[in-house]
Structures are given as structure tokens and as C-alpha cells.
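**Student:** One structure is given below, represented as C-alpha cells, and several questions about it will come after.
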Amino acid sequence: MQRPAVTAVLATAVLLLATGCSSGDDRTPAGQRGSASTTAAPSGSATGGPPSPTGPPAKGSVKVVSTLTEGLKSPWGVAALPDGDLLVASRDEGTITRVDAEGGKKTVIGSVPGVAPGGEGGLLGLAVSPSFASDHQVYAYFTTESDNRIARMLYDEKKPAERQLGAPDTVLRGIPKGVVHNGGRIAFGPDKMLYAGTGETGDTGLAQDKKSLGGKILRMTPDGRPVHGNPEADSVVYSYGHRNVQGLAWDSDKRLWAAEFGQNTWDELNLIEPGKNYGWPEVEGKAGEAGFVDPVAQWKTADASPSGIAYAEGSIWMASLRGERLWRIPLAGTKLAAEPQAFLDGKYGRLRTVLSAGGDKVWLVTSETDTRGTPGPGDDRILRLEVR
């Protein structure tokens, strides 16, 4: 669907730094929305080093097979149940909706008590326990009046609709909250441990403070405890020096990748290693400085402002908010197999979450009703994609 563009005057870099603004969630999308794109990124807009001789094809494709459902309000986190149905979090309403993966029927299963939406905060990431068949636990990352936290809730499908979620059992509290940069993505890794991407709330110093949970990627047991093998035995901090992590995904070799908002210059896709420093606020994008890990790929903030990512068909697929496009990042091990490629440029507006559905199937969630988009009839929606 085509919608009119929205333009805005960008603040100066100094003002953005002072206010902690995000290049994606805090800025009005710029540029005229157009038709779907199947071309590579313009020279200089996405960089990641020389292509590798191995990996998926240099050029990919995206086909929008169907629209699964419409009319979602401020959708953010999405998690798949064992039967394939989807759970979708509404950031601003604090509810979780089950969406039938075949017909798209929506059923609100309950509200999460304690959610205090505001700015970029609210009910954010969702994850389903790796032992869901036996424990029926759903995990949520959300903003309260005092902090961001992670809690788990028993999901009882036998109860009436809107009353199927049990009381939240908090597994981790004390993640800094702000009007901006709350992070929020959670996911269980191949090791069955729970990972979370957090933001520095606009207080840039938190990212380099190893004692703070802000501006980090966290790794914990399903009970919220530090994991054996973490960089520090008594800490859930897994990596640091992050600005605002909203995308987490593992490739076929179980390597962790993360998407991160930049300030004014570079958004990033990072390969995450335990204990490493990813630079913020000392560096943004590729700096080549000792002690900091450079991103594998980077984008001008107008072209990306990334949120969720997923791995499918040998590539990372990255949803872009301000950029209003889906990026394909083909991988060859720990490097790029070819330059990133953009799809759906402007066709569906802001894109929030990507979720692999197995093989070449991917779910894509739009984000036009998050107060920064331009909602049209049917927004927000979940699209069923086939990707190569």
C-alpha cells in the first residue's frame, strides 16, 4: 500500500547526543515511499568489506506470499508457538495476541500487569520457553514505572480468552529504562539460555559500565541467573558497548548476531562474542580501534535504523524502521558473502520484527502504529514471505 511520505527537520548531532535520540525510533521517516526493491544497496549506503567466495548467492529475492493478519496495534515482540501460531506483543496496549498461522485469526490471550508504556517503552520482546511443551511458559521484556524487566507467565490455553496468562514471575529486574533506547528483544539461544538486548536509555555512559545492565547483551538461565561461561561468573552481562540492541539471531553455526541503532552516522550488524566491547559511545560504526569490535556491516541511518533480525537461507534478514525496507545480508561464516541487498523499499512502511518460520519462510511485522509511522487502512500487519 502506498502512503504519503512524512518529512521532518533533523536535529543537530549535538542535540541528538544530549537527548539520546535514536536514529530509527525517534526520527520521522524520510523520503517518498516507493515500490518493492530487488536491487543492491546504493554504493556507500551499506558496507561490510570484500565479498567472500563462499556462502549464499550474491543476489537474493523476496516474495510477499500473503498477508496473514491486519489491524494490529503497536506490534513489537513476536514468538512462535510449537504448533506454528504466533504470539504478538502490543507495546502500547500491554496485551499479547495469539494469531493463527493459517487463517490469521486474532485472539487476545491476556494483558501483562505492570507495563508502563511511554516513548519507546512498553511491552516489548517475547520468547517461548524451549521447554514449552512441559512448562507452558511465555517470557516478556517490558517497561514498568521504575525499570525494564523480564518476566515469565504461565500460558493456559484452557482458560477463557483474555485470561489465559498467569501472574508474571520476574526473572530479571533493574534494567535501566528511558523514554528512548530501552532495547527489548529477547530470545532463547541454541544453548537454551535466555538472551536480551538492552539500550543505554540515552545515558551513553551506561554502555561502557560493566556493572550496569544498560547498553548490553545479557545471557542468563531461564530463571534469570548468570550462566556458567559468561565473561564474569556473577554477572548476566555477555557483551557491552552497545547503544540500543533490538535484533538477535543465530546462524546455522550457532553464532550470535545483533542489530543495533546508530546515532547519526552508522547503524550496525555485529557478530557477538562474549566479553567483547562494541564501542559505543567511543566509536560508531567501523573505527578500526584497538579494544573495540567493528561491525560486520554498517548502514547510513536513513537507510536502516534496524529493529528485529532473523536468519534464513544463509542470510540475516533485518527489518528497518526509518529505512522502511527489509535488508538481506548474505553470510559466509563470520563475513559477508556479498553486499547487503534491500527489498520492499517503502512499500509497507516501517518494519519492526522478522521471524524465521523454517526453510525459506519468514514472517515480517510492520510498525506504522507506533506513533512514528503514518498508519493506513489495515496497519499494522503480518506478512508471509518467501526469501532466497
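In the C-alpha cells, chains take letters A, B, ... by order of appearance, with residues numbered from 1 within each chain and ligands from 1 in the order shown.
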Excluding range 179-193 of chain A and residues on its chain fewer than 4 positions from it, collect all residues at most 7 Å away from it, counting only C-alpha atoms, and give them as a list in words.

**Tutor:**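 The neighbour list is Gly20, Cys21, Ser22, Gly118, Gly119, Glu120, Gly121, Leu124, Gly125, Leu126, Ala127, Pro130, Tyr141, Gly197, Thr198, Gly199, Glu200, Thr201, Gly202, Arg219, Met220, Thr221, Pro222, Asn244, Val245, Gln246, Gly247, Leu248 and Lys254 of chain A.
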
**Student:** Generate a file of the selected residues that holds C-alpha atoms, formatted as a compact mmCIF listing (two decimals), in the first residue's frame.

**Tutor:**
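The result, stored in again38.txt:
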# COMPACT_ATOMS: atom_id res chain seq x y z
CA GLY A 20 19.72 10.26 23.49
CA CYS A 21 17.62 10.14 20.34
CA SER A 22 17.57 7.00 18.22
CA GLY A 118 5.71 5.60 27.07
CA GLY A 119 8.07 6.71 24.34
CA GLU A 120 9.93 3.61 23.18
CA GLY A 121 8.95 1.67 26.32
CA LEU A 124 8.46 -5.27 24.01
CA GLY A 125 10.11 -8.64 23.30
CA LEU A 126 8.52 -12.07 23.63
CA ALA A 127 10.04 -15.55 23.81
CA PRO A 130 12.39 -24.08 24.93
CA TYR A 141 10.55 -7.95 28.30
CA GLY A 197 19.32 -6.83 24.08
CA THR A 198 19.18 -3.65 26.16
CA GLY A 199 19.63 0.07 25.49
CA GLU A 200 21.51 2.81 27.33
CA THR A 201 18.37 4.98 27.74
CA GLY A 202 20.20 7.99 26.28
CA ARG A 219 22.80 -14.02 28.85
CA MET A 220 21.03 -15.84 31.65
CA THR A 221 19.41 -19.11 32.65
CA PRO A 222 15.64 -19.39 32.20
CA ASN A 244 20.32 0.13 21.56
CA VAL A 245 20.14 -3.55 20.61
CA GLN A 246 16.79 -4.65 19.14
CA GLY A 247 17.74 -7.60 16.94
CA LEU A 248 19.10 -11.02 17.97
CA LYS A 254 25.15 -21.12 16.27

**Student:** Which is closest to Val227 in chain A among A:Trp363, A:Tyr195, A:Tyr155, A:Phe343, if we use only C-alpha atoms?

**Tutor:** A:Tyr195

**Student:** Among range 249-363 of chain A, which residues carry a DSSP assignment of strand (DSSP E), reported as a PyMOL selection string?

**Tutor:** chain A and resi 249-250+256-260+266-272+297-300+306-312+315-320+326-332+335-336+341-343+351-356+361-363

**Student:** Can I get the selection written as a short mmCIF file (atom, residue, chain, number, x, y, z; two decimals), in the first residue's frame, with N, CA and C atoms?

**Tutor:**
data_model
loop_
_atom_site.label_atom_id
_atom_site.label_comp_id
_atom_site.auth_asym_id
_atom_site.auth_seq_id
_atom_site.Cartn_x
_atom_site.Cartn_y
_atom_site.Cartn_z
N ALA A 249 19.76 -12.92 16.59
CA ALA A 249 19.52 -14.13 15.80
C ALA A 249 20.80 -14.95 15.75
N TRP A 250 20.62 -16.25 15.59
CA TRP A 250 21.75 -17.18 15.47
C TRP A 250 21.78 -17.78 14.07
N LEU A 256 26.01 -15.86 17.29
CA LEU A 256 25.02 -14.84 17.63
C LEU A 256 25.30 -13.55 16.88
N TRP A 257 24.24 -13.01 16.24
CA TRP A 257 24.30 -11.74 15.53
C TRP A 257 23.33 -10.78 16.19
N ALA A 258 23.68 -9.48 16.14
CA ALA A 258 22.82 -8.46 16.75
C ALA A 258 22.77 -7.21 15.88
N ALA A 259 21.57 -6.63 15.78
CA ALA A 259 21.38 -5.36 15.07
C ALA A 259 21.29 -4.24 16.09
N GLU A 260 21.87 -3.10 15.73
CA GLU A 260 21.99 -2.01 16.69
C GLU A 260 21.79 -0.66 16.02
N TRP A 266 26.15 5.64 11.56
CA TRP A 266 26.16 4.23 11.15
C TRP A 266 25.29 3.37 12.05
N ASP A 267 24.35 2.64 11.44
CA ASP A 267 23.71 1.51 12.10
C ASP A 267 24.56 0.28 11.87
N GLU A 268 24.39 -0.73 12.73
CA GLU A 268 25.35 -1.83 12.72
C GLU A 268 24.69 -3.21 12.75
N LEU A 269 25.36 -4.16 12.09
CA LEU A 269 25.12 -5.59 12.32
C LEU A 269 26.42 -6.14 12.90
N ASN A 270 26.33 -6.69 14.10
CA ASN A 270 27.51 -7.18 14.81
C ASN A 270 27.48 -8.68 15.02
N LEU A 271 28.65 -9.30 14.94
CA LEU A 271 28.85 -10.67 15.37
C LEU A 271 29.26 -10.62 16.83
N ILE A 272 28.46 -11.24 17.70
CA ILE A 272 28.63 -11.08 19.14
C ILE A 272 29.51 -12.19 19.71
N ALA A 297 28.75 -5.34 9.17
CA ALA A 297 28.14 -4.49 8.15
C ALA A 297 27.60 -3.24 8.81
N GLN A 298 27.53 -2.15 8.06
CA GLN A 298 27.01 -0.90 8.60
C GLN A 298 26.22 -0.18 7.52
N TRP A 299 25.28 0.66 7.97
CA TRP A 299 24.39 1.38 7.07
C TRP A 299 24.26 2.82 7.52
N LYS A 300 24.08 3.73 6.59
CA LYS A 300 23.65 5.07 6.94
C LYS A 300 22.30 4.99 7.64
N PRO A 306 17.72 -0.26 12.33
CA PRO A 306 17.24 -1.64 12.37
C PRO A 306 16.55 -2.00 13.67
N SER A 307 15.60 -2.91 13.55
CA SER A 307 14.95 -3.48 14.72
C SER A 307 15.21 -4.99 14.71
N GLY A 308 14.20 -5.81 14.42
CA GLY A 308 14.40 -7.25 14.51
C GLY A 308 15.20 -7.84 13.36
N ILE A 309 15.85 -8.98 13.63
CA ILE A 309 16.55 -9.74 12.60
C ILE A 309 16.19 -11.21 12.73
N ALA A 310 16.39 -11.94 11.62
CA ALA A 310 16.19 -13.39 11.60
C ALA A 310 17.19 -13.98 10.63
N TYR A 311 17.47 -15.27 10.80
CA TYR A 311 18.38 -15.98 9.91
C TYR A 311 17.60 -16.99 9.08
N ALA A 312 17.77 -16.93 7.76
CA ALA A 312 17.10 -17.87 6.86
C ALA A 312 17.85 -17.93 5.54
N SER A 315 21.29 -16.16 5.07
CA SER A 315 21.40 -14.70 5.23
C SER A 315 20.72 -14.24 6.50
N ILE A 316 21.19 -13.12 7.02
CA ILE A 316 20.46 -12.39 8.04
C ILE A 316 19.47 -11.47 7.33
N TRP A 317 18.23 -11.46 7.81
CA TRP A 317 17.18 -10.58 7.28
C TRP A 317 16.87 -9.56 8.36
N MET A 318 17.00 -8.28 8.02
CA MET A 318 16.94 -7.20 9.00
C MET A 318 15.83 -6.21 8.67
N ALA A 319 14.90 -6.05 9.62
CA ALA A 319 13.81 -5.10 9.46
C ALA A 319 14.30 -3.70 9.78
N SER A 320 13.88 -2.72 8.98
CA SER A 320 14.32 -1.34 9.16
C SER A 320 13.14 -0.43 9.41
N LEU A 326 13.47 -4.12 3.99
CA LEU A 326 14.00 -5.37 4.54
C LEU A 326 15.36 -5.62 3.91
N TRP A 327 16.38 -5.73 4.74
CA TRP A 327 17.72 -5.96 4.25
C TRP A 327 18.08 -7.44 4.28
N ARG A 328 18.67 -7.91 3.20
CA ARG A 328 19.25 -9.26 3.14
C ARG A 328 20.76 -9.11 3.27
N ILE A 329 21.34 -9.79 4.26
CA ILE A 329 22.78 -9.74 4.50
C ILE A 329 23.33 -11.15 4.35
N PRO A 330 23.83 -11.53 3.17
CA PRO A 330 24.32 -12.90 2.95
C PRO A 330 25.64 -13.13 3.67
N LEU A 331 25.74 -14.27 4.35
CA LEU A 331 26.90 -14.56 5.17
C LEU A 331 27.73 -15.71 4.61
N ALA A 332 29.02 -15.58 4.79
CA ALA A 332 29.96 -16.68 4.56
C ALA A 332 30.79 -16.80 5.82
N LYS A 335 31.85 -13.47 7.86
CA LYS A 335 31.98 -12.31 6.97
C LYS A 335 30.80 -12.24 6.01
N LEU A 336 30.75 -11.17 5.27
CA LEU A 336 29.73 -11.04 4.24
C LEU A 336 30.10 -11.88 3.03
N GLN A 341 21.51 -6.34 0.46
CA GLN A 341 20.55 -6.04 -0.60
C GLN A 341 19.22 -5.64 0.03
N ALA A 342 18.58 -4.61 -0.50
CA ALA A 342 17.35 -4.08 0.07
C ALA A 342 16.12 -4.54 -0.71
N PHE A 343 15.04 -4.84 0.02
CA PHE A 343 13.77 -5.25 -0.57
C PHE A 343 12.63 -4.48 0.08
N LEU A 351 9.25 -1.24 9.38
CA LEU A 351 9.28 -2.68 9.60
C LEU A 351 9.93 -2.96 10.95
N ARG A 352 9.26 -3.72 11.79
CA ARG A 352 9.69 -3.90 13.18
C ARG A 352 10.34 -5.24 13.47
N THR A 353 9.71 -6.33 13.06
CA THR A 353 10.15 -7.65 13.52
C THR A 353 10.18 -8.63 12.36
N VAL A 354 11.22 -9.48 12.35
CA VAL A 354 11.35 -10.57 11.38
C VAL A 354 11.48 -11.86 12.17
N LEU A 355 10.81 -12.90 11.72
CA LEU A 355 10.85 -14.19 12.42
C LEU A 355 10.92 -15.31 11.41
N SER A 356 11.93 -16.16 11.54
CA SER A 356 12.05 -17.31 10.65
C SER A 356 10.95 -18.31 10.95
N LYS A 361 10.73 -19.69 4.56
CA LYS A 361 9.55 -18.97 5.05
C LYS A 361 9.95 -18.01 6.18
N VAL A 362 9.44 -16.77 6.08
CA VAL A 362 9.74 -15.74 7.06
C VAL A 362 8.49 -14.92 7.34
N TRP A 363 8.27 -14.56 8.60
CA TRP A 363 7.22 -13.62 8.98
C TRP A 363 7.82 -12.23 9.10
#

**Student:** Pick out the residues sitting within 7 Å of Thr67 in chain A, and hand them over as a PyMOL selection string; count only C-alpha atoms, and ignore anything fewer than 3 positions along from it in its own chain.

**Tutor:** chain A and resi 382-384

**Student:** Residues of range 49-249 of chain A in alpha helix (DSSP H) according to DSSP, as a VMD selection string?

**Tutor:** chain A and resid 132 to 135

**Student:** Write a file of the selected residues as a PDB file, in the first residue's frame, keeping N, CA and C atoms.

**Tutor:**
ATOM      1  N   PHE A 132       8.521 -25.442  26.388  1.00  0.00           N
ATOM      2  CA  PHE A 132       7.124 -25.019  26.442  1.00  0.00           C
ATOM      3  C   PHE A 132       6.159 -26.199  26.515  1.00  0.00           C
ATOM      4  N   ALA A 133       6.467 -27.300  25.860  1.00  0.00           N
ATOM      5  CA  ALA A 133       5.564 -28.453  25.861  1.00  0.00           C
ATOM      6  C   ALA A 133       5.285 -28.952  27.272  1.00  0.00           C
ATOM      7  N   SER A 134       6.231 -28.746  28.181  1.00  0.00           N
ATOM      8  CA  SER A 134       6.042 -29.213  29.547  1.00  0.00           C
ATOM      9  C   SER A 134       5.796 -28.090  30.549  1.00  0.00           C
ATOM     10  N   ASP A 135       6.409 -26.889  30.313  1.00  0.00           N
ATOM     11  CA  ASP A 135       6.253 -25.838  31.321  1.00  0.00           C
ATOM     12  C   ASP A 135       5.283 -24.725  30.923  1.00  0.00           C
TER      13      ASP A 135
END
